[in-house]
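Asker: Got a structure for you, written out below as structure tokens; questions coming shortly.
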Amino acid sequence: MAGMQEVHIPLSALTAARRSPTLTSLAGPPLDAFQRPLRDLRISVTDRCNFRCGYCMPKEHFGPGYRFLPHADLLSFEEITRLARVFVGLGVRKLRLTGGEPLLRRDLPKLVAQLAALRTPEGAPLDLTLTTNGSLLAKQAQPLADAGLQRITVSLDALDDAVFRRMNDVDFPVADVLAGIAAAQAAGLGPVKVNMVVQRGVNDHEVEAMAAHFRGSGVVLRFIEFMDVGSHNGWKLDHVLPSRELVERIQRRWPLRALEASAPGETAERWAYADGAGELGFISSVSQAFCGTCNRARLSTDGRLYTCLFGHQGLPLREHLRDPANSDSDLAARIGRHWMQRSDRYSVLRLSQTEALPKVEMHFIGG
Ligand code: SAM
Ligand code: SF4
Ligand code: SF4
């Protein structure tokens with residue numbers, strides 16, 4: 001991407017970080033304490049979801065009595081767009097809408113159209129994408145594409161209907177998600193990516209069936225290691241299936257060859273089927289932490305900035321945004337200062353952590 005600098009930080013360097021950088025001016029895009037730039041902004045447009053995946057919003061915790069945010073606490077589309085513009089000024093080149101389930105937010109194509117109109121300082125459009133559980137996609141794929149959405153990622157954890165219904169825990173049929181994926185492909189939101197969170201003993205027996213189904217379809221299937229996000233998903237290391245094991249399993253049936261990363265800070269390790277049937281991705285945030293190149297920030301539904309998926313405190317932006325005394329440069333300075341103080345590297349430290357800190361829930365800041 002134009003103007004983008006590749007950043008490779010050896011993990012050893014992560015232990016020798018500058019501790020308290022100070023911001024005197026924002027002359028250029030800010031770098032954090034490990035010299036990582038800010039490139040990718042994930043925006044959670046709702047904390048609500050119509051699924052109750054056990055690894056994200058388990059029913060026992062997110063049951064009928066759970067209090068979601070009142071509407072007044074949500075950022076409006078205008079507020080999100082204003083903040084996104086400020087983030088672009090700080091170096092962001094990729095926007096991902098997420099949630100909760102983003103397609104539950106009313107009139108989402110309007111927000112997509114506003115974000116699609118943003119330009120980088122060089123006048124280029126941003127990379128604009130969205131992650132969804134696919135349940136409402138069959139109807140919305142075309143309006144989203146018409147509004148300017150470029151690509152889409154759909155989460156799907158199994159092809160077997162019974163396994164999928166059990167995992168979403170609301171008895172939602174797999175056929176409707178497959179119809180959503182087909183609609184996204186027809187609307188030109190490609191290459192469509194499909195994310196499968198693999199949990200040992202829960203859906204790992206579905207891995208080969210998923211690969212067989214999407215091979216040759218133009219869809220890029222990506223396997224995600226089960227992560228300890230939030231504080232309620234009962235995560236245990238034994239439930240994680242390391243990507244290396246998955247690569248070996250798939251190789252046994254279909255030879256693969258490794259591909260280069262297509263962008264700096266990319267989360268997925270890319271592989272191609274040797275017979276030309278397409279591409280696979282492996283997101284190994286547990287077994288091979290990629291904090292060294294992490295250039296992602298997350299904006300929660302109520303306008304807090306999180307600089308790590310496993311953060312426990314976000315920087316409040318909503319009140320600053322709503323205070324007419326604050327200009328865009330004031331907001332940029334607040335965000336830039338926060339980014340410069342960032343030293344997050346949770347996945348590198350995960351296994352040596354002795355004390356469990358409270359973590360933000362994923363549906364609140366998006367994946
Ligand atoms: N509801 C949408 C969806 O499911 O695609 C968007 C939000 S969801 C939080 C974003 C992504 O995070 C999904 O691909 C989901 O599978 C992934 N995710 C959620 N909890 C996870 C966990 N504990 N470990 C790994 N990935 C997780
Ligand atoms: Fe909802 Fe997505 Fe979380 Fe599943 S992973 S509960 S679909 S937000
Ligand atoms: Fe980035 Fe935090 Fe994930 Fe590391 S653990 S890759 S810093 S979001």
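Labeling convention for the structure tokens: chains A, B, ... as they appear, residues from 1 per chain, ligands from 1 in order of appearance.
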For region 282-284 of chain A, work out the shell of residues within 10 Å, counting only C-alpha atoms and skipping chain neighbours fewer than 4 positions away, then give it as a CSV table (one decimal) with N, CA, C and O atoms, in the first residue's frame.
Answerer:
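Written out: part12.csv:
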chain,number,residue,atom,x,y,z
A,195,ASN,N,-13.8,-17.3,8.3
A,195,ASN,CA,-13.1,-17.6,9.5
A,195,ASN,C,-13.7,-18.8,10.3
A,195,ASN,O,-14.8,-18.7,10.6
A,196,MET,N,-12.8,-19.7,10.6
A,196,MET,CA,-13.3,-20.8,11.5
A,196,MET,C,-12.4,-20.9,12.7
A,196,MET,O,-11.2,-21.1,12.7
A,197,VAL,N,-13.1,-20.7,13.9
A,197,VAL,CA,-12.4,-20.8,15.2
A,197,VAL,C,-12.4,-22.3,15.5
A,197,VAL,O,-13.4,-22.9,15.6
A,221,LEU,N,-10.4,-19.8,3.1
A,221,LEU,CA,-10.7,-20.3,4.4
A,221,LEU,C,-9.6,-20.0,5.4
A,221,LEU,O,-8.4,-20.3,5.1
A,222,ARG,N,-9.9,-19.5,6.6
A,222,ARG,CA,-8.8,-19.2,7.6
A,222,ARG,C,-9.2,-19.8,8.9
A,222,ARG,O,-10.3,-19.7,9.4
A,223,PHE,N,-8.2,-20.5,9.4
A,223,PHE,CA,-8.4,-21.2,10.7
A,223,PHE,C,-7.8,-20.3,11.8
A,223,PHE,O,-6.7,-19.9,11.8
A,224,ILE,N,-8.6,-20.1,12.8
A,224,ILE,CA,-8.2,-19.2,13.9
A,224,ILE,C,-8.0,-20.1,15.2
A,224,ILE,O,-8.9,-20.8,15.6
A,225,GLU,N,-6.9,-19.9,15.9
A,225,GLU,CA,-6.7,-20.6,17.1
A,225,GLU,C,-7.7,-20.0,18.2
A,225,GLU,O,-7.8,-18.7,18.3
A,226,PHE,N,-8.3,-20.8,18.9
A,226,PHE,CA,-9.2,-20.4,20.0
A,226,PHE,C,-8.4,-19.6,21.0
A,226,PHE,O,-7.4,-20.0,21.5
A,227,MET,N,-9.0,-18.4,21.2
A,227,MET,CA,-8.2,-17.4,22.1
A,227,MET,C,-9.0,-17.2,23.4
A,227,MET,O,-10.2,-17.3,23.5
A,240,VAL,N,-6.9,-25.5,22.5
A,240,VAL,CA,-6.3,-24.8,21.4
A,240,VAL,C,-5.7,-25.8,20.5
A,240,VAL,O,-4.9,-26.7,20.9
A,241,LEU,N,-6.0,-25.8,19.2
A,241,LEU,CA,-5.3,-26.7,18.2
A,241,LEU,C,-4.3,-25.8,17.5
A,241,LEU,O,-4.7,-25.0,16.7
A,242,PRO,N,-3.0,-26.0,17.8
A,242,PRO,CA,-2.0,-25.2,17.1
A,242,PRO,C,-2.1,-25.3,15.6
A,242,PRO,O,-2.3,-26.3,15.0
A,243,SER,N,-1.9,-24.1,14.9
A,243,SER,CA,-1.9,-24.1,13.5
A,243,SER,C,-1.0,-25.1,12.8
A,243,SER,O,-1.3,-25.7,11.8
A,244,ARG,N,0.2,-25.3,13.4
A,244,ARG,CA,1.1,-26.2,12.8
A,244,ARG,C,0.5,-27.6,12.7
A,244,ARG,O,0.6,-28.3,11.6
A,246,LEU,N,-2.6,-28.2,12.3
A,246,LEU,CA,-3.7,-28.1,11.3
A,246,LEU,C,-3.0,-28.2,9.9
A,246,LEU,O,-3.5,-28.8,9.0
A,247,VAL,N,-1.9,-27.5,9.7
A,247,VAL,CA,-1.2,-27.4,8.4
A,247,VAL,C,-0.8,-28.9,8.1
A,247,VAL,O,-1.1,-29.4,7.0
A,266,GLU,N,0.0,-8.4,8.8
A,266,GLU,CA,-1.1,-9.3,8.5
A,266,GLU,C,-1.1,-10.4,9.6
A,266,GLU,O,-0.1,-10.9,10.0
A,267,THR,N,-2.4,-10.7,10.0
A,267,THR,CA,-2.5,-11.7,11.1
A,267,THR,C,-2.4,-13.1,10.6
A,267,THR,O,-2.0,-14.0,11.3
A,268,ALA,N,-2.8,-13.4,9.3
A,268,ALA,CA,-2.8,-14.8,8.9
A,268,ALA,C,-1.5,-15.2,8.2
A,268,ALA,O,-1.0,-14.4,7.4
A,269,GLU,N,-1.1,-16.4,8.5
A,269,GLU,CA,0.0,-17.0,7.7
A,269,GLU,C,-0.7,-17.6,6.5
A,269,GLU,O,-1.7,-18.4,6.6
A,270,ARG,N,-0.2,-17.3,5.3
A,270,ARG,CA,-0.9,-17.7,4.1
A,270,ARG,C,-0.3,-19.0,3.4
A,270,ARG,O,0.9,-19.1,3.3
A,271,TRP,N,-1.1,-19.9,3.0
A,271,TRP,CA,-0.7,-21.1,2.3
A,271,TRP,C,-1.6,-21.2,1.1
A,271,TRP,O,-2.7,-20.8,1.1
A,288,GLN,N,1.9,-18.8,17.9
A,288,GLN,CA,2.9,-18.0,17.3
A,288,GLN,C,2.5,-16.5,17.4
A,288,GLN,O,2.0,-16.0,16.4
A,289,ALA,N,2.6,-15.9,18.5
A,289,ALA,CA,2.1,-14.5,18.7
A,289,ALA,C,2.7,-13.6,17.7
A,289,ALA,O,3.9,-13.7,17.3
A,290,PHE,N,1.8,-12.7,17.2
A,290,PHE,CA,2.3,-11.7,16.2
A,290,PHE,C,2.2,-10.3,16.7
A,290,PHE,O,2.0,-9.4,15.9
A,347,SER,N,-0.2,-11.4,23.7
A,347,SER,CA,-0.1,-12.8,23.2
A,347,SER,C,1.4,-13.3,23.5
A,347,SER,O,1.6,-14.5,23.6
Asker: Please return as a VMD selection string: the residues of region 64-171 of chain A that backbone DSSP assigns to strand (DSSP E or B).
Answerer: chain A and resid 94 to 98 119 125 127 to 132 151 to 155
Asker: What would the file look like if the residues just selected were written as a PDB file, in the first residue's frame with C-alpha atoms?
Answerer:
ATOM      1  CA  LYS A  94      -7.738  -0.078   6.704  1.00  0.00           C
ATOM      2  CA  LEU A  95     -11.158  -0.001   8.338  1.00  0.00           C
ATOM      3  CA  ARG A  96     -13.039  -3.084   9.462  1.00  0.00           C
ATOM      4  CA  LEU A  97     -16.630  -2.922  10.718  1.00  0.00           C
ATOM      5  CA  THR A  98     -17.401  -5.525  13.320  1.00  0.00           C
ATOM      6  CA  ARG A 119      -9.613   9.368   1.375  1.00  0.00           C
ATOM      7  CA  PRO A 125      -9.703   5.191  -0.906  1.00  0.00           C
ATOM      8  CA  ASP A 127      -9.386  -0.607   2.458  1.00  0.00           C
ATOM      9  CA  LEU A 128     -12.939  -1.060   3.786  1.00  0.00           C
ATOM     10  CA  THR A 129     -14.164  -4.413   5.002  1.00  0.00           C
ATOM     11  CA  LEU A 130     -16.522  -6.067   7.485  1.00  0.00           C
ATOM     12  CA  THR A 131     -16.704  -9.226   9.622  1.00  0.00           C
ATOM     13  CA  THR A 132     -20.088 -10.883  10.079  1.00  0.00           C
ATOM     14  CA  ARG A 151     -14.578  -7.136   0.938  1.00  0.00           C
ATOM     15  CA  ILE A 152     -16.153  -9.265   3.608  1.00  0.00           C
ATOM     16  CA  THR A 153     -15.167 -11.933   6.135  1.00  0.00           C
ATOM     17  CA  VAL A 154     -17.775 -14.439   7.267  1.00  0.00           C
ATOM     18  CA  SER A 155     -17.379 -16.517  10.419  1.00  0.00           C
TER      19      SER A 155
END
Asker: Using only C-alpha atoms and all ligand atoms, find each protein or nucleic acid residue lying at most 8 Å from ligand 2; present the set as a compact mmCIF listing (two decimals) with all heavy atoms, in the first residue's frame.
Answerer:
# COMPACT_ATOMS: atom_id res chain seq x y z
N ASP A 47 -22.89 -3.79 20.22
CA ASP A 47 -22.43 -4.83 21.16
C ASP A 47 -23.41 -6.00 21.17
O ASP A 47 -23.20 -6.97 21.88
CB ASP A 47 -22.24 -4.25 22.57
CG ASP A 47 -23.52 -3.66 23.15
OD1 ASP A 47 -24.43 -3.27 22.35
OD2 ASP A 47 -23.64 -3.56 24.38
N ARG A 48 -24.47 -5.91 20.37
CA ARG A 48 -25.48 -6.98 20.36
C ARG A 48 -25.16 -8.05 19.32
O ARG A 48 -24.52 -7.74 18.31
CB ARG A 48 -26.86 -6.41 20.02
CG ARG A 48 -27.39 -5.55 21.14
CD ARG A 48 -28.53 -4.67 20.68
NE ARG A 48 -28.66 -3.58 21.62
CZ ARG A 48 -29.57 -3.54 22.60
NH1 ARG A 48 -30.47 -4.49 22.72
NH2 ARG A 48 -29.59 -2.53 23.44
N CYS A 49 -25.67 -9.24 19.56
CA CYS A 49 -25.48 -10.30 18.57
C CYS A 49 -26.66 -11.25 18.65
O CYS A 49 -27.25 -11.44 19.71
CB CYS A 49 -24.18 -11.05 18.83
SG CYS A 49 -23.83 -12.21 17.49
N ASN A 50 -27.02 -11.84 17.50
CA ASN A 50 -28.10 -12.83 17.47
C ASN A 50 -27.58 -14.25 17.67
O ASN A 50 -28.36 -15.18 17.68
CB ASN A 50 -28.89 -12.71 16.16
CG ASN A 50 -27.99 -12.79 14.93
OD1 ASN A 50 -26.77 -12.65 15.03
ND2 ASN A 50 -28.58 -12.99 13.77
N PHE A 51 -26.26 -14.44 17.79
CA PHE A 51 -25.67 -15.74 18.10
C PHE A 51 -25.17 -15.71 19.55
O PHE A 51 -24.95 -14.63 20.12
CB PHE A 51 -24.47 -16.04 17.19
CG PHE A 51 -24.83 -16.48 15.78
CD1 PHE A 51 -26.11 -16.37 15.28
CD2 PHE A 51 -23.84 -17.02 14.95
CE1 PHE A 51 -26.42 -16.76 13.97
CE2 PHE A 51 -24.14 -17.42 13.65
CZ PHE A 51 -25.42 -17.30 13.16
N ARG A 52 -24.92 -16.89 20.08
CA ARG A 52 -24.32 -16.99 21.41
C ARG A 52 -23.17 -18.01 21.37
O ARG A 52 -23.15 -18.98 22.11
CB ARG A 52 -25.38 -17.41 22.44
CG ARG A 52 -26.35 -16.31 22.82
CD ARG A 52 -25.66 -15.16 23.57
NE ARG A 52 -26.56 -14.07 23.90
CZ ARG A 52 -26.81 -13.04 23.09
NH1 ARG A 52 -26.24 -12.97 21.90
NH2 ARG A 52 -27.61 -12.08 23.47
N CYS A 53 -22.20 -17.74 20.46
CA CYS A 53 -21.05 -18.64 20.36
C CYS A 53 -20.40 -18.77 21.73
O CYS A 53 -20.12 -17.75 22.38
CB CYS A 53 -20.02 -18.10 19.37
SG CYS A 53 -20.75 -17.63 17.80
N GLY A 54 -20.15 -20.00 22.16
CA GLY A 54 -19.63 -20.24 23.51
C GLY A 54 -18.28 -19.59 23.74
O GLY A 54 -17.93 -19.24 24.87
N TYR A 55 -17.48 -19.40 22.67
CA TYR A 55 -16.14 -18.83 22.85
C TYR A 55 -16.16 -17.30 22.89
O TYR A 55 -15.12 -16.67 23.06
CB TYR A 55 -15.19 -19.32 21.75
CG TYR A 55 -15.69 -19.12 20.32
CD1 TYR A 55 -15.81 -17.86 19.77
CD2 TYR A 55 -16.04 -20.22 19.53
CE1 TYR A 55 -16.27 -17.68 18.49
CE2 TYR A 55 -16.49 -20.04 18.23
CZ TYR A 55 -16.59 -18.77 17.71
OH TYR A 55 -17.05 -18.59 16.44
N CYS A 56 -17.34 -16.70 22.70
CA CYS A 56 -17.40 -15.23 22.62
C CYS A 56 -18.48 -14.66 23.55
O CYS A 56 -18.20 -13.83 24.40
CB CYS A 56 -17.67 -14.84 21.17
SG CYS A 56 -17.85 -13.08 20.89
N MET A 57 -19.74 -15.13 23.39
CA MET A 57 -20.84 -14.63 24.21
C MET A 57 -21.62 -15.80 24.79
O MET A 57 -22.79 -16.01 24.42
CB MET A 57 -21.77 -13.74 23.37
CG MET A 57 -21.12 -12.48 22.84
SD MET A 57 -22.26 -11.50 21.82
CE MET A 57 -23.31 -10.76 23.04
N PRO A 58 -21.02 -16.56 25.69
CA PRO A 58 -21.72 -17.74 26.21
C PRO A 58 -23.05 -17.36 26.88
O PRO A 58 -23.13 -16.37 27.60
CB PRO A 58 -20.73 -18.33 27.22
CG PRO A 58 -19.72 -17.25 27.48
CD PRO A 58 -19.69 -16.37 26.28
N GLY A 99 -18.39 -6.22 15.43
CA GLY A 99 -19.29 -6.07 16.57
C GLY A 99 -18.91 -7.08 17.63
O GLY A 99 -17.76 -7.51 17.68
N GLY A 100 -19.90 -7.50 18.29
CA GLY A 100 -21.27 -7.91 18.07
C GLY A 100 -21.49 -8.28 16.60
O GLY A 100 -20.56 -8.55 15.87
N GLU A 101 -22.74 -8.33 16.24
CA GLU A 101 -23.03 -8.64 14.84
C GLU A 101 -23.34 -7.33 14.10
O GLU A 101 -24.39 -6.73 14.29
CB GLU A 101 -24.21 -9.63 14.76
CG GLU A 101 -24.68 -9.94 13.35
CD GLU A 101 -23.53 -10.14 12.34
OE1 GLU A 101 -22.54 -10.82 12.65
OE2 GLU A 101 -23.63 -9.57 11.23
N THR A 132 -18.71 -10.58 9.70
CA THR A 132 -20.09 -10.88 10.08
C THR A 132 -20.26 -12.37 10.34
O THR A 132 -19.50 -13.18 9.80
CB THR A 132 -21.06 -10.44 8.95
OG1 THR A 132 -22.37 -10.93 9.25
CG2 THR A 132 -20.66 -10.97 7.58
N ASN A 133 -21.30 -12.72 11.10
CA ASN A 133 -21.60 -14.15 11.26
C ASN A 133 -22.41 -14.66 10.07
O ASN A 133 -22.74 -15.84 10.01
CB ASN A 133 -22.31 -14.42 12.59
CG ASN A 133 -23.67 -13.74 12.71
OD1 ASN A 133 -24.34 -13.45 11.72
ND2 ASN A 133 -24.11 -13.52 13.94
N SER A 155 -17.80 -15.51 9.44
CA SER A 155 -17.38 -16.52 10.42
C SER A 155 -18.25 -17.75 10.26
O SER A 155 -19.47 -17.65 10.18
CB SER A 155 -17.54 -15.97 11.84
OG SER A 155 -16.80 -14.78 11.94
N ASN A 168 -23.41 -22.09 17.52
CA ASN A 168 -23.98 -20.72 17.60
C ASN A 168 -24.97 -20.63 18.76
O ASN A 168 -25.36 -19.54 19.16
CB ASN A 168 -24.55 -20.25 16.25
CG ASN A 168 -25.70 -21.08 15.74
OD1 ASN A 168 -26.70 -21.27 16.44
ND2 ASN A 168 -25.59 -21.58 14.51
N MET A 362 -15.06 -9.40 23.78
CA MET A 362 -14.78 -9.23 22.36
C MET A 362 -15.95 -8.61 21.57
O MET A 362 -15.75 -7.84 20.66
CB MET A 362 -14.43 -10.57 21.74
CG MET A 362 -13.74 -10.45 20.41
SD MET A 362 -13.13 -12.07 19.96
CE MET A 362 -12.09 -11.71 18.59
N HIS A 363 -17.18 -8.94 21.96
CA HIS A 363 -18.32 -8.40 21.22
C HIS A 363 -18.42 -6.89 21.36
O HIS A 363 -19.11 -6.22 20.60
CB HIS A 363 -19.63 -9.05 21.70
CG HIS A 363 -20.02 -8.61 23.08
ND1 HIS A 363 -21.08 -7.78 23.32
CD2 HIS A 363 -19.44 -8.85 24.28
CE1 HIS A 363 -21.16 -7.56 24.62
NE2 HIS A 363 -20.18 -8.18 25.22
N GLY A 366 -15.06 -5.91 19.07
CA GLY A 366 -14.92 -6.55 17.76
C GLY A 366 -13.66 -7.38 17.65
O GLY A 366 -12.71 -7.21 18.40
N GLY A 367 -13.69 -8.34 16.68
CA GLY A 367 -12.57 -9.28 16.55
C GLY A 367 -11.45 -8.71 15.70
O GLY A 367 -11.49 -7.59 15.27
Asker: Between A:Val88, A:Lys236, A:Leu126, A:Arg249, single out the one closest to Arg200 (chain A), counting only C-alpha atoms.
Answerer: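 Distance minimum relative to Arg200 (chain A) lands on A:Lys236.
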Asker: Find the spatial neighbours of Phe68 (chain A), counting only C-alpha atoms, within a cut-off of 12 Å - ignore same-chain residues fewer than 3 positions away - and output them as a count of residues only.
Answerer: 17
Asker: Tell me, in Å to one decimal, how far CA of Ala274 (chain A) is from CA of Glu245 (chain A).
Answerer: 18.4 Å
Asker: Determine, counting only C-alpha atoms, which protein, DNA and RNA residues have an atom within 12 Å of an atom of Arg257 (chain A); residues of the same chain fewer than 6 positions away are not included. Present the result as a list in words.
Answerer: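 The contact residues come out as Val247, Glu248, Ile250, Gln251, Glu269, Arg270, Trp271, Ala272, Tyr273, Ala274, Asp275, Gly276, Ala277, Gly278, Glu279, Leu280 and Gly281 of chain A.
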Asker: I need the chosen residues saved as a PDB file, in the first residue's frame, with C-alpha atoms.
Answerer:
ATOM      1  CA  VAL A 247      -1.231 -27.447   8.424  1.00  0.00           C
ATOM      2  CA  GLU A 248       0.142 -30.978   8.797  1.00  0.00           C
ATOM      3  CA  ILE A 250      -4.358 -30.614   5.638  1.00  0.00           C
ATOM      4  CA  GLN A 251      -1.016 -31.323   3.930  1.00  0.00           C
ATOM      5  CA  GLU A 269      -0.017 -17.004   7.683  1.00  0.00           C
ATOM      6  CA  ARG A 270      -0.927 -17.736   4.067  1.00  0.00           C
ATOM      7  CA  TRP A 271      -0.690 -21.068   2.282  1.00  0.00           C
ATOM      8  CA  ALA A 272      -1.803 -22.169  -1.192  1.00  0.00           C
ATOM      9  CA  TYR A 273      -2.994 -25.558  -2.400  1.00  0.00           C
ATOM     10  CA  ALA A 274      -0.217 -26.894  -4.639  1.00  0.00           C
ATOM     11  CA  ASP A 275      -2.817 -27.946  -7.226  1.00  0.00           C
ATOM     12  CA  GLY A 276      -4.050 -24.364  -7.650  1.00  0.00           C
ATOM     13  CA  ALA A 277      -7.347 -24.830  -5.771  1.00  0.00           C
ATOM     14  CA  GLY A 278      -6.889 -21.574  -3.847  1.00  0.00           C
ATOM     15  CA  GLU A 279      -5.568 -20.184  -0.611  1.00  0.00           C
ATOM     16  CA  LEU A 280      -5.801 -20.948   3.115  1.00  0.00           C
ATOM     17  CA  GLY A 281      -4.925 -18.791   6.137  1.00  0.00           C
TER      18      GLY A 281
END
Asker: Pick out the residues no farther than 6 Å from ligand 3, counting only C-alpha atoms and all ligand atoms, and list them as a list of chain:residue names.
Answerer: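 Listing the residues within 6 Å of ligand 3 gives A:Phe290, A:Cys291, A:Cys294, A:Cys308, A:Leu309, A:Phe310, A:Asp344, A:Arg345, A:Tyr346, A:Ser347.
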Asker: Which is closest to ligand 1 among A:Gly303, A:Gly89, A:Gly234, A:Pro173, if we use only C-alpha atoms and all ligand atoms?
Answerer: A:Gly234
